[in-house]
file structure.txt (compact mmCIF, N, CA and C atoms)
# COMPACT_ATOMS: atom_id res chain seq x y z
N MET A 1 -10.12 6.46 -24.24
CA MET A 1 -9.35 7.17 -23.24
C MET A 1 -10.28 7.53 -22.09
N TRP A 2 -9.78 7.38 -20.87
CA TRP A 2 -10.55 7.77 -19.70
C TRP A 2 -9.60 8.30 -18.64
N ALA A 3 -10.15 9.04 -17.73
CA ALA A 3 -9.35 9.62 -16.66
C ALA A 3 -9.23 8.63 -15.51
N ILE A 4 -8.05 8.54 -14.97
CA ILE A 4 -7.84 7.80 -13.73
C ILE A 4 -7.32 8.83 -12.74
N ASN A 5 -8.17 9.19 -11.80
CA ASN A 5 -7.81 10.20 -10.81
C ASN A 5 -7.06 9.54 -9.66
N THR A 6 -6.07 10.24 -9.17
CA THR A 6 -5.29 9.71 -8.06
C THR A 6 -5.24 10.73 -6.94
N LEU A 7 -4.91 10.25 -5.79
CA LEU A 7 -4.73 11.08 -4.61
C LEU A 7 -3.33 10.90 -4.08
N LYS A 8 -2.85 11.90 -3.39
CA LYS A 8 -1.57 11.74 -2.70
C LYS A 8 -1.81 10.87 -1.47
N ALA A 9 -0.76 10.22 -1.04
CA ALA A 9 -0.85 9.40 0.18
C ALA A 9 -1.18 10.30 1.36
N ILE A 10 -2.06 9.83 2.22
CA ILE A 10 -2.42 10.61 3.40
C ILE A 10 -1.55 10.18 4.58
N PRO A 11 -1.24 11.12 5.47
CA PRO A 11 -0.35 10.79 6.59
C PRO A 11 -1.05 10.09 7.75
N ILE A 12 -2.36 10.19 7.85
CA ILE A 12 -3.09 9.53 8.93
C ILE A 12 -4.34 8.87 8.36
N SER A 13 -4.82 7.84 9.04
CA SER A 13 -6.07 7.21 8.62
C SER A 13 -7.01 6.98 9.79
N SER A 14 -6.66 7.56 10.95
CA SER A 14 -7.57 7.46 12.09
C SER A 14 -7.47 8.73 12.92
N HIS A 15 -8.58 9.01 13.59
CA HIS A 15 -8.63 10.15 14.51
C HIS A 15 -9.68 9.82 15.56
N GLY A 16 -9.25 9.74 16.79
CA GLY A 16 -10.18 9.38 17.85
C GLY A 16 -10.80 8.03 17.57
N PRO A 17 -12.13 7.94 17.61
CA PRO A 17 -12.80 6.65 17.40
C PRO A 17 -13.18 6.37 15.94
N VAL A 18 -12.57 7.09 15.01
CA VAL A 18 -12.92 6.94 13.59
C VAL A 18 -11.70 6.52 12.78
N ALA A 19 -11.88 5.56 11.88
CA ALA A 19 -10.79 5.12 11.02
C ALA A 19 -11.29 5.02 9.58
N LEU A 20 -10.39 5.29 8.66
CA LEU A 20 -10.67 5.12 7.24
C LEU A 20 -10.09 3.78 6.80
N VAL A 21 -10.77 3.10 5.90
CA VAL A 21 -10.26 1.86 5.33
C VAL A 21 -10.41 1.92 3.82
N GLY A 22 -9.68 1.06 3.13
CA GLY A 22 -9.82 0.93 1.69
C GLY A 22 -9.55 2.22 0.95
N ASP A 23 -10.34 2.47 -0.09
CA ASP A 23 -10.13 3.64 -0.94
C ASP A 23 -10.24 4.96 -0.17
N ALA A 24 -11.00 4.99 0.89
CA ALA A 24 -11.10 6.21 1.69
C ALA A 24 -9.75 6.56 2.30
N ALA A 25 -8.94 5.56 2.59
CA ALA A 25 -7.64 5.77 3.21
C ALA A 25 -6.51 5.82 2.18
N HIS A 26 -6.65 5.07 1.10
CA HIS A 26 -5.54 4.97 0.14
C HIS A 26 -6.06 4.58 -1.25
N ALA A 27 -6.84 5.47 -1.83
CA ALA A 27 -7.36 5.21 -3.18
C ALA A 27 -6.20 5.00 -4.13
N MET A 28 -6.30 3.97 -4.97
CA MET A 28 -5.19 3.68 -5.86
C MET A 28 -5.67 3.40 -7.28
N THR A 29 -4.75 3.57 -8.19
CA THR A 29 -5.06 3.27 -9.59
C THR A 29 -5.25 1.77 -9.74
N PRO A 30 -5.88 1.33 -10.82
CA PRO A 30 -6.17 -0.10 -10.99
C PRO A 30 -5.00 -0.90 -11.55
N ASN A 31 -3.82 -0.32 -11.62
CA ASN A 31 -2.72 -0.93 -12.35
C ASN A 31 -2.06 -2.11 -11.65
N GLN A 32 -2.47 -2.41 -10.44
CA GLN A 32 -2.00 -3.62 -9.79
C GLN A 32 -3.18 -4.44 -9.29
N GLY A 33 -4.38 -3.99 -9.59
CA GLY A 33 -5.58 -4.72 -9.19
C GLY A 33 -5.63 -4.97 -7.69
N SER A 34 -5.22 -3.98 -6.89
CA SER A 34 -5.02 -4.20 -5.47
C SER A 34 -5.95 -3.42 -4.56
N GLY A 35 -6.74 -2.54 -5.09
CA GLY A 35 -7.58 -1.69 -4.25
C GLY A 35 -8.51 -2.47 -3.34
N ALA A 36 -9.28 -3.37 -3.89
CA ALA A 36 -10.23 -4.15 -3.08
C ALA A 36 -9.49 -5.05 -2.11
N GLY A 37 -8.39 -5.64 -2.55
CA GLY A 37 -7.61 -6.50 -1.66
C GLY A 37 -7.06 -5.73 -0.48
N GLN A 38 -6.61 -4.50 -0.72
CA GLN A 38 -6.09 -3.69 0.38
C GLN A 38 -7.21 -3.33 1.36
N ALA A 39 -8.40 -3.08 0.85
CA ALA A 39 -9.54 -2.79 1.72
C ALA A 39 -9.87 -4.00 2.60
N ILE A 40 -9.83 -5.18 2.02
CA ILE A 40 -10.11 -6.40 2.79
C ILE A 40 -9.03 -6.62 3.84
N GLU A 41 -7.76 -6.38 3.47
CA GLU A 41 -6.68 -6.53 4.45
C GLU A 41 -6.82 -5.51 5.57
N ASP A 42 -7.18 -4.26 5.22
CA ASP A 42 -7.44 -3.25 6.25
C ASP A 42 -8.49 -3.76 7.24
N ALA A 43 -9.61 -4.23 6.70
CA ALA A 43 -10.71 -4.69 7.54
C ALA A 43 -10.29 -5.89 8.39
N TYR A 44 -9.48 -6.77 7.85
CA TYR A 44 -9.02 -7.95 8.57
C TYR A 44 -8.18 -7.55 9.79
N VAL A 45 -7.22 -6.67 9.59
CA VAL A 45 -6.37 -6.22 10.69
C VAL A 45 -7.20 -5.43 11.70
N LEU A 46 -8.05 -4.56 11.20
CA LEU A 46 -8.89 -3.76 12.09
C LEU A 46 -9.82 -4.63 12.92
N ALA A 47 -10.42 -5.63 12.30
CA ALA A 47 -11.31 -6.54 13.03
C ALA A 47 -10.56 -7.30 14.11
N ALA A 48 -9.34 -7.73 13.82
CA ALA A 48 -8.55 -8.45 14.81
C ALA A 48 -8.26 -7.56 16.02
N LEU A 49 -8.00 -6.30 15.77
CA LEU A 49 -7.74 -5.38 16.87
C LEU A 49 -9.01 -5.08 17.67
N LEU A 50 -10.08 -4.78 16.97
CA LEU A 50 -11.32 -4.37 17.66
C LEU A 50 -12.00 -5.53 18.39
N THR A 51 -11.71 -6.76 18.01
CA THR A 51 -12.31 -7.91 18.70
C THR A 51 -11.37 -8.52 19.74
N HIS A 52 -10.21 -7.90 19.92
CA HIS A 52 -9.28 -8.38 20.94
C HIS A 52 -9.98 -8.30 22.31
N PRO A 53 -9.81 -9.30 23.16
CA PRO A 53 -10.51 -9.32 24.45
C PRO A 53 -10.26 -8.10 25.34
N SER A 54 -9.14 -7.44 25.17
CA SER A 54 -8.81 -6.30 26.03
C SER A 54 -9.40 -4.98 25.55
N ILE A 55 -10.02 -4.97 24.40
CA ILE A 55 -10.52 -3.71 23.85
C ILE A 55 -11.85 -3.34 24.50
N SER A 56 -11.87 -2.12 24.98
CA SER A 56 -13.10 -1.52 25.51
C SER A 56 -13.38 -0.28 24.69
N ARG A 57 -14.49 0.34 24.91
CA ARG A 57 -14.83 1.56 24.18
C ARG A 57 -13.74 2.62 24.36
N GLU A 58 -13.19 2.71 25.53
CA GLU A 58 -12.16 3.72 25.81
C GLU A 58 -10.86 3.43 25.06
N ARG A 59 -10.61 2.18 24.75
CA ARG A 59 -9.34 1.80 24.10
C ARG A 59 -9.43 1.77 22.57
N ILE A 60 -10.59 2.04 22.02
CA ILE A 60 -10.74 2.01 20.56
C ILE A 60 -9.77 2.97 19.87
N PRO A 61 -9.62 4.23 20.31
CA PRO A 61 -8.65 5.11 19.64
C PRO A 61 -7.23 4.54 19.62
N GLN A 62 -6.83 3.87 20.69
CA GLN A 62 -5.50 3.24 20.73
C GLN A 62 -5.40 2.14 19.68
N ALA A 63 -6.43 1.32 19.58
CA ALA A 63 -6.43 0.25 18.57
C ALA A 63 -6.39 0.82 17.16
N LEU A 64 -7.11 1.91 16.92
CA LEU A 64 -7.13 2.51 15.59
C LEU A 64 -5.77 3.10 15.22
N LYS A 65 -5.06 3.66 16.19
CA LYS A 65 -3.72 4.19 15.91
C LYS A 65 -2.76 3.05 15.56
N ILE A 66 -2.93 1.91 16.19
CA ILE A 66 -2.09 0.75 15.87
C ILE A 66 -2.42 0.25 14.46
N TYR A 67 -3.71 0.19 14.15
CA TYR A 67 -4.13 -0.18 12.79
C TYR A 67 -3.46 0.74 11.77
N GLU A 68 -3.51 2.03 12.03
CA GLU A 68 -2.91 3.02 11.14
C GLU A 68 -1.40 2.80 11.01
N LYS A 69 -0.74 2.56 12.12
CA LYS A 69 0.72 2.37 12.11
C LYS A 69 1.12 1.14 11.29
N VAL A 70 0.33 0.09 11.37
CA VAL A 70 0.67 -1.16 10.68
C VAL A 70 0.24 -1.12 9.22
N ARG A 71 -0.96 -0.66 8.92
CA ARG A 71 -1.50 -0.78 7.57
C ARG A 71 -1.18 0.39 6.64
N LEU A 72 -1.21 1.62 7.15
CA LEU A 72 -1.12 2.77 6.25
C LEU A 72 0.19 2.82 5.45
N PRO A 73 1.36 2.61 6.05
CA PRO A 73 2.59 2.66 5.23
C PRO A 73 2.59 1.63 4.10
N HIS A 74 2.13 0.42 4.40
CA HIS A 74 2.08 -0.65 3.40
C HIS A 74 1.13 -0.27 2.25
N ALA A 75 -0.08 0.14 2.60
CA ALA A 75 -1.07 0.48 1.58
C ALA A 75 -0.64 1.70 0.78
N ASN A 76 -0.05 2.69 1.43
CA ASN A 76 0.43 3.88 0.70
C ASN A 76 1.54 3.51 -0.28
N GLU A 77 2.39 2.56 0.09
CA GLU A 77 3.45 2.12 -0.81
C GLU A 77 2.86 1.38 -2.02
N ILE A 78 1.86 0.56 -1.80
CA ILE A 78 1.21 -0.13 -2.91
C ILE A 78 0.50 0.89 -3.80
N GLN A 79 -0.11 1.88 -3.20
CA GLN A 79 -0.74 2.96 -3.97
C GLN A 79 0.28 3.64 -4.88
N ARG A 80 1.46 3.94 -4.34
CA ARG A 80 2.53 4.60 -5.12
C ARG A 80 3.01 3.69 -6.25
N LYS A 81 3.22 2.42 -5.94
CA LYS A 81 3.73 1.49 -6.95
C LYS A 81 2.70 1.24 -8.05
N SER A 82 1.44 1.23 -7.70
CA SER A 82 0.39 1.06 -8.70
C SER A 82 0.39 2.24 -9.68
N ARG A 83 0.52 3.44 -9.13
CA ARG A 83 0.58 4.64 -9.98
C ARG A 83 1.81 4.59 -10.89
N GLU A 84 2.95 4.19 -10.33
CA GLU A 84 4.18 4.08 -11.13
C GLU A 84 4.00 3.07 -12.25
N ASN A 85 3.46 1.91 -11.92
CA ASN A 85 3.27 0.90 -12.96
C ASN A 85 2.31 1.37 -14.03
N GLY A 86 1.29 2.12 -13.66
CA GLY A 86 0.38 2.68 -14.66
C GLY A 86 1.11 3.54 -15.66
N LYS A 87 2.03 4.35 -15.17
CA LYS A 87 2.82 5.20 -16.07
C LYS A 87 3.74 4.36 -16.95
N LEU A 88 4.26 3.28 -16.39
CA LEU A 88 5.11 2.39 -17.20
C LEU A 88 4.28 1.67 -18.24
N TYR A 89 3.10 1.18 -17.86
CA TYR A 89 2.23 0.45 -18.80
C TYR A 89 1.79 1.34 -19.95
N GLU A 90 1.58 2.62 -19.65
CA GLU A 90 1.16 3.58 -20.68
C GLU A 90 2.37 4.21 -21.37
N PHE A 91 3.53 3.72 -21.04
CA PHE A 91 4.80 4.18 -21.57
C PHE A 91 5.01 5.68 -21.37
N VAL A 92 4.91 6.08 -20.11
CA VAL A 92 5.27 7.42 -19.68
C VAL A 92 6.31 7.27 -18.56
N PRO A 93 7.35 6.47 -18.82
CA PRO A 93 8.29 6.17 -17.74
C PRO A 93 9.12 7.35 -17.26
N SER A 94 9.26 8.38 -18.10
CA SER A 94 10.12 9.49 -17.71
C SER A 94 9.61 10.20 -16.46
N GLU A 95 8.31 10.15 -16.20
CA GLU A 95 7.77 10.78 -15.00
C GLU A 95 8.15 10.01 -13.75
N VAL A 96 8.39 8.74 -13.86
CA VAL A 96 8.69 7.90 -12.71
C VAL A 96 10.17 7.56 -12.65
N TYR A 97 10.73 7.15 -13.77
CA TYR A 97 12.12 6.74 -13.85
C TYR A 97 12.78 7.45 -15.04
N PRO A 98 13.27 8.67 -14.82
CA PRO A 98 13.82 9.46 -15.92
C PRO A 98 14.90 8.74 -16.73
N HIS A 99 15.68 7.89 -16.08
CA HIS A 99 16.77 7.22 -16.80
C HIS A 99 16.25 6.25 -17.85
N LEU A 100 15.02 5.76 -17.70
CA LEU A 100 14.51 4.81 -18.68
C LEU A 100 14.27 5.44 -20.04
N SER A 101 13.91 6.71 -20.05
CA SER A 101 13.62 7.33 -21.35
C SER A 101 14.77 8.24 -21.81
N ALA A 102 15.80 8.37 -21.00
CA ALA A 102 16.94 9.19 -21.41
C ALA A 102 17.58 8.56 -22.64
N GLY A 103 17.56 9.28 -23.73
CA GLY A 103 18.14 8.78 -24.97
C GLY A 103 17.33 7.67 -25.60
N ALA A 104 16.06 7.57 -25.29
CA ALA A 104 15.24 6.46 -25.79
C ALA A 104 15.18 6.42 -27.31
N LYS A 105 15.33 7.57 -27.97
CA LYS A 105 15.26 7.58 -29.43
C LYS A 105 16.45 6.85 -30.05
N THR A 106 17.56 6.83 -29.32
CA THR A 106 18.73 6.15 -29.86
C THR A 106 19.02 4.85 -29.13
N ALA A 107 18.33 4.63 -28.01
CA ALA A 107 18.58 3.41 -27.23
C ALA A 107 18.00 2.20 -27.93
N ASP A 108 18.52 1.05 -27.57
CA ASP A 108 18.01 -0.21 -28.08
C ASP A 108 16.61 -0.43 -27.51
N PRO A 109 15.57 -0.50 -28.35
CA PRO A 109 14.20 -0.66 -27.86
C PRO A 109 14.02 -1.91 -27.01
N ASP A 110 14.70 -2.99 -27.37
CA ASP A 110 14.58 -4.22 -26.58
C ASP A 110 15.15 -4.02 -25.17
N GLN A 111 16.25 -3.28 -25.08
CA GLN A 111 16.85 -3.00 -23.77
C GLN A 111 15.93 -2.11 -22.95
N LEU A 112 15.30 -1.13 -23.57
CA LEU A 112 14.38 -0.24 -22.87
C LEU A 112 13.19 -1.03 -22.33
N VAL A 113 12.63 -1.90 -23.15
CA VAL A 113 11.51 -2.74 -22.72
C VAL A 113 11.93 -3.62 -21.56
N GLU A 114 13.11 -4.18 -21.65
CA GLU A 114 13.61 -5.05 -20.58
C GLU A 114 13.72 -4.27 -19.26
N GLU A 115 14.23 -3.03 -19.34
CA GLU A 115 14.35 -2.22 -18.12
C GLU A 115 12.97 -1.90 -17.55
N ILE A 116 12.02 -1.57 -18.41
CA ILE A 116 10.67 -1.26 -17.93
C ILE A 116 10.04 -2.49 -17.28
N VAL A 117 10.20 -3.64 -17.89
CA VAL A 117 9.67 -4.88 -17.31
C VAL A 117 10.31 -5.15 -15.95
N ASP A 118 11.61 -4.95 -15.84
CA ASP A 118 12.29 -5.17 -14.56
C ASP A 118 11.74 -4.25 -13.47
N VAL A 119 11.51 -2.97 -13.80
CA VAL A 119 10.97 -2.03 -12.82
C VAL A 119 9.55 -2.42 -12.44
N ALA A 120 8.73 -2.79 -13.41
CA ALA A 120 7.35 -3.21 -13.12
C ALA A 120 7.35 -4.44 -12.22
N LYS A 121 8.22 -5.40 -12.50
CA LYS A 121 8.31 -6.61 -11.66
C LYS A 121 8.72 -6.24 -10.23
N GLU A 122 9.67 -5.33 -10.13
CA GLU A 122 10.12 -4.88 -8.81
C GLU A 122 8.96 -4.26 -8.03
N ASN A 123 8.11 -3.51 -8.74
CA ASN A 123 6.95 -2.89 -8.09
C ASN A 123 5.91 -3.91 -7.66
N TRP A 124 5.98 -5.12 -8.18
CA TRP A 124 5.05 -6.18 -7.81
C TRP A 124 5.58 -7.07 -6.68
N GLN A 125 6.83 -6.88 -6.28
CA GLN A 125 7.44 -7.77 -5.28
C GLN A 125 6.62 -7.87 -4.00
N TRP A 126 5.99 -6.79 -3.57
CA TRP A 126 5.21 -6.83 -2.34
C TRP A 126 4.18 -7.96 -2.38
N ALA A 127 3.61 -8.22 -3.56
CA ALA A 127 2.54 -9.22 -3.68
C ALA A 127 3.05 -10.62 -3.36
N TRP A 128 4.32 -10.85 -3.60
CA TRP A 128 4.89 -12.17 -3.38
C TRP A 128 5.65 -12.28 -2.06
N THR A 129 5.90 -11.13 -1.42
CA THR A 129 6.76 -11.16 -0.23
C THR A 129 6.09 -10.66 1.04
N THR A 130 4.89 -10.14 0.97
CA THR A 130 4.21 -9.66 2.18
C THR A 130 3.04 -10.57 2.51
N ASP A 131 2.63 -10.50 3.76
CA ASP A 131 1.58 -11.38 4.25
C ASP A 131 0.74 -10.62 5.27
N VAL A 132 -0.55 -10.51 5.03
CA VAL A 132 -1.42 -9.77 5.94
C VAL A 132 -1.48 -10.44 7.31
N GLU A 133 -1.27 -11.73 7.36
CA GLU A 133 -1.27 -12.42 8.66
C GLU A 133 -0.14 -11.88 9.53
N THR A 134 1.00 -11.61 8.94
CA THR A 134 2.13 -11.03 9.67
C THR A 134 1.77 -9.64 10.18
N GLU A 135 1.09 -8.85 9.35
CA GLU A 135 0.66 -7.52 9.78
C GLU A 135 -0.34 -7.62 10.93
N LYS A 136 -1.26 -8.56 10.86
CA LYS A 136 -2.23 -8.75 11.94
C LYS A 136 -1.52 -9.11 13.23
N GLU A 137 -0.58 -10.03 13.17
CA GLU A 137 0.16 -10.44 14.36
C GLU A 137 0.96 -9.27 14.94
N GLU A 138 1.55 -8.45 14.08
CA GLU A 138 2.29 -7.27 14.53
C GLU A 138 1.35 -6.29 15.23
N ALA A 139 0.17 -6.09 14.67
CA ALA A 139 -0.81 -5.18 15.28
C ALA A 139 -1.24 -5.68 16.66
N ILE A 140 -1.51 -6.97 16.78
CA ILE A 140 -1.89 -7.55 18.06
C ILE A 140 -0.75 -7.43 19.07
N ARG A 141 0.48 -7.67 18.60
CA ARG A 141 1.65 -7.54 19.48
C ARG A 141 1.77 -6.11 20.01
N LEU A 142 1.62 -5.12 19.12
CA LEU A 142 1.70 -3.71 19.53
C LEU A 142 0.57 -3.36 20.50
N LEU A 143 -0.60 -3.89 20.26
CA LEU A 143 -1.73 -3.63 21.17
C LEU A 143 -1.43 -4.20 22.55
N GLU A 144 -0.98 -5.43 22.59
CA GLU A 144 -0.70 -6.07 23.88
C GLU A 144 0.46 -5.41 24.62
N GLU A 145 1.48 -4.98 23.87
CA GLU A 145 2.58 -4.24 24.50
C GLU A 145 2.09 -2.93 25.10
N GLY A 146 1.22 -2.25 24.37
CA GLY A 146 0.68 -0.98 24.87
C GLY A 146 -0.17 -1.15 26.10
N LEU A 147 -0.88 -2.27 26.18
CA LEU A 147 -1.71 -2.53 27.34
C LEU A 147 -0.88 -2.89 28.56
N ASN A 148 0.27 -3.51 28.33
CA ASN A 148 1.14 -3.92 29.43
C ASN A 148 2.06 -2.81 29.90
N ALA A 149 2.14 -1.74 29.13
CA ALA A 149 3.06 -0.65 29.49
C ALA A 149 2.51 0.22 30.61
call {"tool": "encode", "arguments": {"input": "structure.txt", "output": "structure tokens"}}
result
Amino acid sequence: MWAINTLKAIPISSHGPVALVGDAAHAMTPNQGSGAGQAIEDAYVLAALLTHPSISRERIPQALKIYEKVRLPHANEIQRKSRENGKLYEFVPSEVYPHLSAGAKTADPDQLVEEIVDVAKENWQWAWTTDVETEKEEAIRLLEEGLNA
């Protein structure tokens, strides 16, 4: 047995010329094996913004706010889903999905397992349906729109 400490999702990940990436911005449980990947995706989007030809020292805070707008909601959602799946994997579903354990003593165990598997699969959908390239393009689009405004 070991402790897995978690943090609540943070509402911001940048302030002025400083930004948090990876675990500093959205530390997550290991239950989806996504922490390092999210850090790399953060860095990828951030690098695309900071190396944009229009970025100057004065515009760095603007770029960091765009990074935060694009990346933080996605990473915070993965953080939440990882924590939920950890509870499901350890069979503590009542904390996440109370209906799964309601009447579990009399429920069909196979049906309960099937429901837990379905919820865990649903929590993994982001891995098959999201693309960091799309996030990078959205960040660049927001940056360019802001510069043209």
call {"tool": "closest_residue", "arguments": {"input": "structure.txt", "among": "A:Ile40, A:Gly33, A:His74, A:Val18", "to": "Pro61 in chain A", "atoms": "all atoms listed in the file"}}
result
A:Val18
call {"tool": "select_by_dssp", "arguments": {"input": "structure.txt", "residues": "chain A", "states": "alpha helix (DSSP H)", "output": "PyMOL selection string"}}
result
chain A and resi 23-26+35-50+60-89+98-101+109-129+132-148
call {"tool": "atom_distance", "arguments": {"input": "structure.txt", "atom1": "CA of Ala75 in chain A", "atom2": "CA of Pro53 in chain A"}}
result
26.6 Å
call {"tool": "residues_around", "arguments": {"input": "structure.txt", "residues": "Leu143 in chain A", "least_positions_apart": "2", "cutoff": "10 Å", "atoms": "only C-alpha atoms", "output": "list in words"}}
result
Leu49, His52, Ser54, Ile55, Arg59, Gln62, Ala63, Leu64, Lys65, Ile66, Tyr67, Glu137, Glu138, Ala139, Ile140, Arg141, Glu145, Gly146, Leu147 and Asn148 of chain A
call {"tool": "atom_distance", "arguments": {"input": "structure.txt", "atom1": "atom N of Ala120 in chain A", "atom2": "atom N of Phe91 in chain A"}}
result
11.3 Å
call {"tool": "atom_distance", "arguments": {"input": "structure.txt", "atom1": "atom C of Ala19 in chain A", "atom2": "CA of Lys87 in chain A"}}
result
29.3 Å
call {"tool": "residues_around", "arguments": {"input": "structure.txt", "residues": "Ala9 in chain A", "least_positions_apart": "3", "cutoff": "8 Å", "atoms": "only N, CA and C atoms", "output": "ChimeraX atom specification"}}
result
/A:6,12,25-27,75-77,79-80
call {"tool": "select_by_dssp", "arguments": {"input": "structure.txt", "residues": "range 2-148 of chain A", "states": "strand (DSSP E)", "output": "number ranges by chain"}}
result
A: 14-15, 18-19
call {"tool": "write_last_selection", "arguments": {"input": "structure.txt", "atoms": "N, CA and C atoms", "output": "PDB file, in the frame of the given file"}}
result
ATOM      1  N   SER A  14      -6.660   7.560  10.950  1.00  0.00           N
ATOM      2  CA  SER A  14      -7.570   7.460  12.090  1.00  0.00           C
ATOM      3  C   SER A  14      -7.470   8.730  12.920  1.00  0.00           C
ATOM      4  N   HIS A  15      -8.580   9.010  13.590  1.00  0.00           N
ATOM      5  CA  HIS A  15      -8.630  10.150  14.510  1.00  0.00           C
ATOM      6  C   HIS A  15      -9.680   9.820  15.560  1.00  0.00           C
ATOM      7  N   VAL A  18     -12.570   7.090  15.010  1.00  0.00           N
ATOM      8  CA  VAL A  18     -12.920   6.940  13.590  1.00  0.00           C
ATOM      9  C   VAL A  18     -11.700   6.520  12.780  1.00  0.00           C
ATOM     10  N   ALA A  19     -11.880   5.560  11.880  1.00  0.00           N
ATOM     11  CA  ALA A  19     -10.790   5.120  11.020  1.00  0.00           C
ATOM     12  C   ALA A  19     -11.290   5.020   9.580  1.00  0.00           C
TER      13      ALA A  19
END
call {"tool": "closest_residue", "arguments": {"input": "structure.txt", "among": "A:Pro73, A:Glu90, A:Val21, A:Ile78", "to": "Glu41 in chain A", "atoms": "only C-alpha atoms"}}
result
A:Val21
call {"tool": "closest_residue", "arguments": {"input": "structure.txt", "among": "A:Gln111, A:Pro30, A:Ile60, A:Leu50", "to": "Tyr89 in chain A", "atoms": "only C-alpha atoms"}}
result
A:Pro30
call {"tool": "residues_around", "arguments": {"input": "structure.txt", "residues": "Asn123 in chain A", "least_positions_apart": "2", "cutoff": "8 Å", "atoms": "all atoms listed in the file", "output": "PyMOL selection string"}}
result
chain A and resi 78+80-82+84-85+117-121+125-127
call {"tool": "closest_residue", "arguments": {"input": "structure.txt", "among": "A:Val45, A:Ile4, A:Leu88, A:Ala39", "to": "Ile116 in chain A", "atoms": "all atoms listed in the file"}}
result
A:Leu88
call {"tool": "closest_residue", "arguments": {"input": "structure.txt", "among": "A:Asn31, A:Ala47, A:Ala36, A:Leu72", "to": "Ile10 in chain A", "atoms": "only N, CA and C atoms"}}
result
A:Leu72
call {"tool": "build_atoms", "arguments": {"input": "structure.txt", "residues": "range 60-65 of chain A", "atoms": "all heavy atoms", "output": "PDB file, keeping the file's coordinate frame"}}
result
ATOM      1  N   ILE A  60     -10.590   2.040  22.020  1.00  0.00           N
ATOM      2  CA  ILE A  60     -10.740   2.010  20.560  1.00  0.00           C
ATOM      3  C   ILE A  60      -9.770   2.970  19.870  1.00  0.00           C
ATOM      4  O   ILE A  60      -9.101   2.577  18.902  1.00  0.00           O
ATOM      5  CB  ILE A  60     -12.196   2.268  20.145  1.00  0.00           C
ATOM      6  CG1 ILE A  60     -13.036   1.032  20.492  1.00  0.00           C
ATOM      7  CG2 ILE A  60     -12.306   2.601  18.658  1.00  0.00           C
ATOM      8  CD1 ILE A  60     -14.526   1.203  20.267  1.00  0.00           C
ATOM      9  N   PRO A  61      -9.620   4.230  20.310  1.00  0.00           N
ATOM     10  CA  PRO A  61      -8.650   5.110  19.640  1.00  0.00           C
ATOM     11  C   PRO A  61      -7.230   4.540  19.620  1.00  0.00           C
ATOM     12  O   PRO A  61      -6.528   4.681  18.621  1.00  0.00           O
ATOM     13  CB  PRO A  61      -8.723   6.411  20.450  1.00  0.00           C
ATOM     14  CG  PRO A  61     -10.106   6.411  21.005  1.00  0.00           C
ATOM     15  CD  PRO A  61     -10.384   4.961  21.338  1.00  0.00           C
ATOM     16  N   GLN A  62      -6.830   3.870  20.690  1.00  0.00           N
ATOM     17  CA  GLN A  62      -5.500   3.240  20.730  1.00  0.00           C
ATOM     18  C   GLN A  62      -5.400   2.140  19.680  1.00  0.00           C
ATOM     19  O   GLN A  62      -4.409   2.040  18.953  1.00  0.00           O
ATOM     20  CB  GLN A  62      -5.244   2.671  22.127  1.00  0.00           C
ATOM     21  CG  GLN A  62      -3.922   1.967  22.260  1.00  0.00           C
ATOM     22  CD  GLN A  62      -3.762   1.275  23.609  1.00  0.00           C
ATOM     23  OE1 GLN A  62      -4.679   1.226  24.419  1.00  0.00           O
ATOM     24  NE2 GLN A  62      -2.579   0.726  23.839  1.00  0.00           N
ATOM     25  N   ALA A  63      -6.430   1.320  19.580  1.00  0.00           N
ATOM     26  CA  ALA A  63      -6.430   0.250  18.570  1.00  0.00           C
ATOM     27  C   ALA A  63      -6.390   0.820  17.160  1.00  0.00           C
ATOM     28  O   ALA A  63      -5.694   0.288  16.284  1.00  0.00           O
ATOM     29  CB  ALA A  63      -7.673  -0.624  18.756  1.00  0.00           C
ATOM     30  N   LEU A  64      -7.110   1.910  16.920  1.00  0.00           N
ATOM     31  CA  LEU A  64      -7.130   2.510  15.590  1.00  0.00           C
ATOM     32  C   LEU A  64      -5.770   3.100  15.220  1.00  0.00           C
ATOM     33  O   LEU A  64      -5.375   3.058  14.046  1.00  0.00           O
ATOM     34  CB  LEU A  64      -8.231   3.565  15.493  1.00  0.00           C
ATOM     35  CG  LEU A  64      -9.660   3.059  15.689  1.00  0.00           C
ATOM     36  CD1 LEU A  64     -10.663   4.191  15.491  1.00  0.00           C
ATOM     37  CD2 LEU A  64      -9.971   1.887  14.781  1.00  0.00           C
ATOM     38  N   LYS A  65      -5.060   3.660  16.190  1.00  0.00           N
ATOM     39  CA  LYS A  65      -3.720   4.190  15.910  1.00  0.00           C
ATOM     40  C   LYS A  65      -2.760   3.050  15.560  1.00  0.00           C
ATOM     41  O   LYS A  65      -1.879   3.205  14.712  1.00  0.00           O
ATOM     42  CB  LYS A  65      -3.185   5.010  17.082  1.00  0.00           C
ATOM     43  CG  LYS A  65      -3.733   6.413  17.121  1.00  0.00           C
ATOM     44  CD  LYS A  65      -3.328   7.169  15.865  1.00  0.00           C
ATOM     45  CE  LYS A  65      -3.919   8.548  15.816  1.00  0.00           C
ATOM     46  NZ  LYS A  65      -3.707   9.210  14.510  1.00  0.00           N
TER      47      LYS A  65
END
